[in-house]
Structure formats: C-alpha cells, structure tokens
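To start, the structure itself, in structure tokens.
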Amino acid sequence: MTGAHAKRKTSGRAFVVVGVALVAAAVAVFAWQAAGVRAAEGRSGELCSQILGELDERVPVTAAAAGLDVAALPVLELRGVDVVARLQVATIGLDVPVAAEGSDAALVPTRVARADGDEGKVLVAGSTYQGDGAWERIGELAGGEHVTLTGMTGASQEYVVVSAGRTKADFDDDFDLLMYYEDELGNKTWAGCTKVS
C-alpha cells in the first residue's frame, strides 16, 4: 500500500509539474504575441501618419463626381507601401491609407480580393489600432454615415453605411464597400456600404 501510495504521489507531482510548465509556456506565448501586436501598432501608427502626410502633399483633391474607378485603382508607392486609396469616415474620426492587395494589413489597411471576383466592389481589411483606434469603431456604425474613398488621382467615391455587425462566417454580401477587422478568435467586425449616386 505504501509503494502504491508513493507511486500515485510521484505521478501527481509529475502532472503538476507538467501543468505548471504548460501554463508558463502559454503565458510566454501570450506575452510574445502581445509584444508583437504592440510593435505592429507602433509601426502602423507612424507609417500611416507619414503616408497620410505625403498624400496631403501629393494627391490633388477633386469632387466625388470625378468618378473613382475602383476596378482600376492606380498605385502610388509611399514609404515602401503600394497605396491605392485613402479611406475616411468623419463620424468616427477614421482617416487611413489603403494598401494594394497582398500588403500587410497589420501595418496599413489593405484592399482584399473579393471571393466573388467583382472588381467594382471594394473589400478592405484593417486592424483595431489603425486610424488612432478608429478602425475598431467600424462595428458601431449604425447606418447613414458617409464614407469617402479617394484614389491616387484625387478622384473619389462617396458611400453610405447601410449595415454593420460581427460574424465568424465568410462574407456573403453585396456591399459596394465592406470594411472589417478580424480578432484573434476569428470573429470579423464589419461595416457594409453602398455607393452614393
């Protein structure tokens, strides 16, 4: 009985040691990821601010009626980023550059290829901290808010928010412009817009 008791006690200690090691590893991974997010956040804020400053200097502002062709957005390389547009939502204080497809959405909001292949529509992925944290507020847009997408020629297109929400599924929308971010659990917070004619 004493030998069996000692064996169980040793096994129990081993489980505790393994459990503590797993918890320590999880904490280390979390700390490492948090440090990576903070570094991306700092780099993103600085990079977006520099790009917006250059856009203010280099891109002429024209009226929305100039007709932005979202299927063929010209690219302007700024600070090592292929920028295709500037996205603004005044009601939440959002003003960010939009990078071309294939760019790192952790640094600059990025145009994403649409599953339906419709080049006449725009899908933009970003991160919560972008636009001084305003990107995180896109899910709060209730509808009716105006959104402006300005291309590198200065031509722009006005949109109005028609819906916003949160989903874990793929997007199956028919919005002219869809903005979103994805959290660490795969939930997507989004706002869908339609063109203003």
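In the structure tokens, chains take the letters A, B, ... in the order shown, each chain's residues start at 1, and ligands count up from 1 in the order shown.
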
Q: Please identify which residues in region 115-197 of chain A DSSP calls strand (DSSP E or B) from the backbone, and express them as an NGL selection string.
A: :A and (122-126 or 146-151 or 156-167 or 177-182 or 188-195)

Okay, now the selection with N, CA and C atoms, as an mmCIF file, in the first residue's frame?
```cif
data_model
loop_
_atom_site.group_PDB
_atom_site.id
_atom_site.type_symbol
_atom_site.label_atom_id
_atom_site.label_comp_id
_atom_site.auth_asym_id
_atom_site.auth_seq_id
_atom_site.Cartn_x
_atom_site.Cartn_y
_atom_site.Cartn_z
ATOM 1 N N VAL A 122 -15.317 46.993 -53.286
ATOM 2 C CA VAL A 122 -14.086 47.117 -52.519
ATOM 3 C C VAL A 122 -14.253 46.435 -51.164
ATOM 4 N N LEU A 123 -13.260 45.605 -50.809
ATOM 5 C CA LEU A 123 -13.192 44.942 -49.517
ATOM 6 C C LEU A 123 -11.878 45.368 -48.884
ATOM 7 N N VAL A 124 -11.944 45.963 -47.671
ATOM 8 C CA VAL A 124 -10.748 46.484 -47.007
ATOM 9 C C VAL A 124 -10.635 45.871 -45.624
ATOM 10 N N ALA A 125 -9.484 45.248 -45.353
ATOM 11 C CA ALA A 125 -9.192 44.659 -44.039
ATOM 12 C C ALA A 125 -8.218 45.556 -43.291
ATOM 13 N N GLY A 126 -8.467 45.738 -42.004
ATOM 14 C CA GLY A 126 -7.567 46.542 -41.175
ATOM 15 C C GLY A 126 -7.375 45.911 -39.821
ATOM 16 N N HIS A 146 -21.438 58.714 -43.702
ATOM 17 C CA HIS A 146 -20.788 58.842 -45.007
ATOM 18 C C HIS A 146 -19.343 58.374 -44.942
ATOM 19 N N VAL A 147 -18.934 57.698 -45.996
ATOM 20 C CA VAL A 147 -17.581 57.165 -46.134
ATOM 21 C C VAL A 147 -17.043 57.660 -47.469
ATOM 22 N N THR A 148 -15.796 58.117 -47.477
ATOM 23 C CA THR A 148 -15.170 58.592 -48.704
ATOM 24 C C THR A 148 -13.946 57.744 -49.007
ATOM 25 N N LEU A 149 -13.870 57.266 -50.243
ATOM 26 C CA LEU A 149 -12.709 56.531 -50.729
ATOM 27 C C LEU A 149 -12.100 57.380 -51.839
ATOM 28 N N THR A 150 -10.864 57.825 -51.630
ATOM 29 C CA THR A 150 -10.192 58.697 -52.592
ATOM 30 C C THR A 150 -9.009 57.961 -53.201
ATOM 31 N N GLY A 151 -8.958 57.932 -54.520
ATOM 32 C CA GLY A 151 -7.861 57.273 -55.218
ATOM 33 C C GLY A 151 -6.649 58.170 -55.358
ATOM 34 N N SER A 156 -12.693 60.619 -56.180
ATOM 35 C CA SER A 156 -13.223 59.941 -55.003
ATOM 36 C C SER A 156 -14.612 59.382 -55.266
ATOM 37 N N GLN A 157 -15.018 58.485 -54.391
ATOM 38 C CA GLN A 157 -16.351 57.899 -54.431
ATOM 39 C C GLN A 157 -16.926 57.996 -53.027
ATOM 40 N N GLU A 158 -18.146 58.462 -52.946
ATOM 41 C CA GLU A 158 -18.846 58.545 -51.662
ATOM 42 C C GLU A 158 -19.687 57.289 -51.468
ATOM 43 N N TYR A 159 -19.730 56.823 -50.232
ATOM 44 C CA TYR A 159 -20.539 55.670 -49.844
ATOM 45 C C TYR A 159 -21.344 56.056 -48.613
ATOM 46 N N VAL A 160 -22.364 55.293 -48.331
ATOM 47 C CA VAL A 160 -23.118 55.464 -47.095
ATOM 48 C C VAL A 160 -23.208 54.091 -46.427
ATOM 49 N N VAL A 161 -22.995 54.071 -45.120
ATOM 50 C CA VAL A 161 -23.068 52.817 -44.361
ATOM 51 C C VAL A 161 -24.525 52.366 -44.316
ATOM 52 N N VAL A 162 -24.751 51.098 -44.654
ATOM 53 C CA VAL A 162 -26.106 50.553 -44.601
ATOM 54 C C VAL A 162 -26.258 49.485 -43.533
ATOM 55 N N SER A 163 -25.147 48.904 -43.095
ATOM 56 C CA SER A 163 -25.231 47.856 -42.095
ATOM 57 C C SER A 163 -23.867 47.639 -41.468
ATOM 58 N N ALA A 164 -23.860 47.132 -40.251
ATOM 59 C CA ALA A 164 -22.617 46.798 -39.555
ATOM 60 C C ALA A 164 -22.898 45.635 -38.631
ATOM 61 N N GLY A 165 -21.866 44.918 -38.258
ATOM 62 C CA GLY A 165 -22.080 43.791 -37.360
ATOM 63 C C GLY A 165 -20.821 43.012 -37.089
ATOM 64 N N ARG A 166 -21.035 41.756 -36.667
ATOM 65 C CA ARG A 166 -19.934 40.868 -36.315
ATOM 66 C C ARG A 166 -20.302 39.463 -36.768
ATOM 67 N N THR A 167 -19.346 38.762 -37.369
ATOM 68 C CA THR A 167 -19.611 37.409 -37.846
ATOM 69 C C THR A 167 -18.356 36.565 -37.754
ATOM 70 N N LEU A 177 -18.813 48.601 -50.725
ATOM 71 C CA LEU A 177 -17.609 48.757 -49.908
ATOM 72 C C LEU A 177 -17.842 48.031 -48.596
ATOM 73 N N LEU A 178 -16.921 47.162 -48.228
ATOM 74 C CA LEU A 178 -17.002 46.450 -46.955
ATOM 75 C C LEU A 178 -15.683 46.636 -46.233
ATOM 76 N N MET A 179 -15.750 47.168 -45.003
ATOM 77 C CA MET A 179 -14.564 47.358 -44.169
ATOM 78 C C MET A 179 -14.674 46.374 -43.011
ATOM 79 N N TYR A 180 -13.548 45.769 -42.620
ATOM 80 C CA TYR A 180 -13.618 44.836 -41.492
ATOM 81 C C TYR A 180 -12.266 44.643 -40.818
ATOM 82 N N TYR A 181 -12.322 44.054 -39.619
ATOM 83 C CA TYR A 181 -11.118 43.549 -38.964
ATOM 84 C C TYR A 181 -11.479 42.228 -38.307
ATOM 85 N N GLU A 182 -10.462 41.405 -38.113
ATOM 86 C CA GLU A 182 -10.662 40.083 -37.539
ATOM 87 C C GLU A 182 -9.915 40.005 -36.212
ATOM 88 N N LYS A 188 -15.160 38.521 -37.165
ATOM 89 C CA LYS A 188 -14.964 39.669 -38.045
ATOM 90 C C LYS A 188 -15.979 40.745 -37.705
ATOM 91 N N THR A 189 -15.476 41.925 -37.354
ATOM 92 C CA THR A 189 -16.340 43.076 -37.133
ATOM 93 C C THR A 189 -16.295 43.893 -38.420
ATOM 94 N N TRP A 190 -17.476 44.275 -38.931
ATOM 95 C CA TRP A 190 -17.524 44.859 -40.268
ATOM 96 C C TRP A 190 -18.567 45.971 -40.373
ATOM 97 N N ALA A 191 -18.421 46.739 -41.446
ATOM 98 C CA ALA A 191 -19.425 47.746 -41.843
ATOM 99 C C ALA A 191 -19.539 47.692 -43.361
ATOM 100 N N GLY A 192 -20.759 47.564 -43.838
ATOM 101 C CA GLY A 192 -21.014 47.489 -45.273
ATOM 102 C C GLY A 192 -21.657 48.776 -45.776
ATOM 103 N N CYS A 193 -21.213 49.201 -46.956
ATOM 104 C CA CYS A 193 -21.649 50.478 -47.513
ATOM 105 C C CYS A 193 -22.129 50.307 -48.946
ATOM 106 N N THR A 194 -22.971 51.237 -49.354
ATOM 107 C CA THR A 194 -23.424 51.279 -50.734
ATOM 108 C C THR A 194 -23.006 52.624 -51.336
ATOM 109 N N LYS A 195 -22.795 52.645 -52.663
ATOM 110 C CA LYS A 195 -22.383 53.889 -53.334
ATOM 111 C C LYS A 195 -23.463 54.932 -53.246
#
```

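From CA of Glu184 (chain A) back to CA of Gln88 (chain A), the distance works out to 25.3 Å.
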
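Here CA of Leu141 (chain A) and CA of Leu94 (chain A) stand 11.6 Å from one another.
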
Q | Those of region 56-88 of chain A in DSSP helix (DSSP H, G or I), formatted as a PyMOL selection string | A | chain A and resi 56-58+64-66+70-72

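With only C-alpha atoms as the atoms that count, the residue of A:Ala115, A:Thr128, A:Gly154, A:Ala105 with the shortest distance to Asp183 (chain A) is A:Thr128.
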
Q. How many Å separate CA of Arg79 (chain A) from CA of Asp56 (chain A)?
A. 14.2 Å

Q | Polymer residues at most 12 Å from Asp116 (chain A), only C-alpha atoms, same-chain spacing of 3 or more positions, as a VMD selection string | A | chain A and resid 112 to 113 119 to 123 170 to 175

Q: Within 9 Å of Tyr129 (chain A), counting only C-alpha atoms, which residues show up once you throw out same-chain ones fewer than 5 positions away? Write them as JSON, numbers by chain, please.
A: {"A": [41, 44, 45, 134, 135, 136]}

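Counting only C-alpha atoms, the residue from A:Gly144, A:Pro74, A:Pro97, A:Gly139 that sits nearest to Gly53 (chain A) is A:Pro97.
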
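When only C-alpha atoms are used to compute distances to Ala100 (chain A), the closest of the residues A:Glu77, A:Asp176, A:Glu54, A:Glu145 turns out to be A:Glu77.
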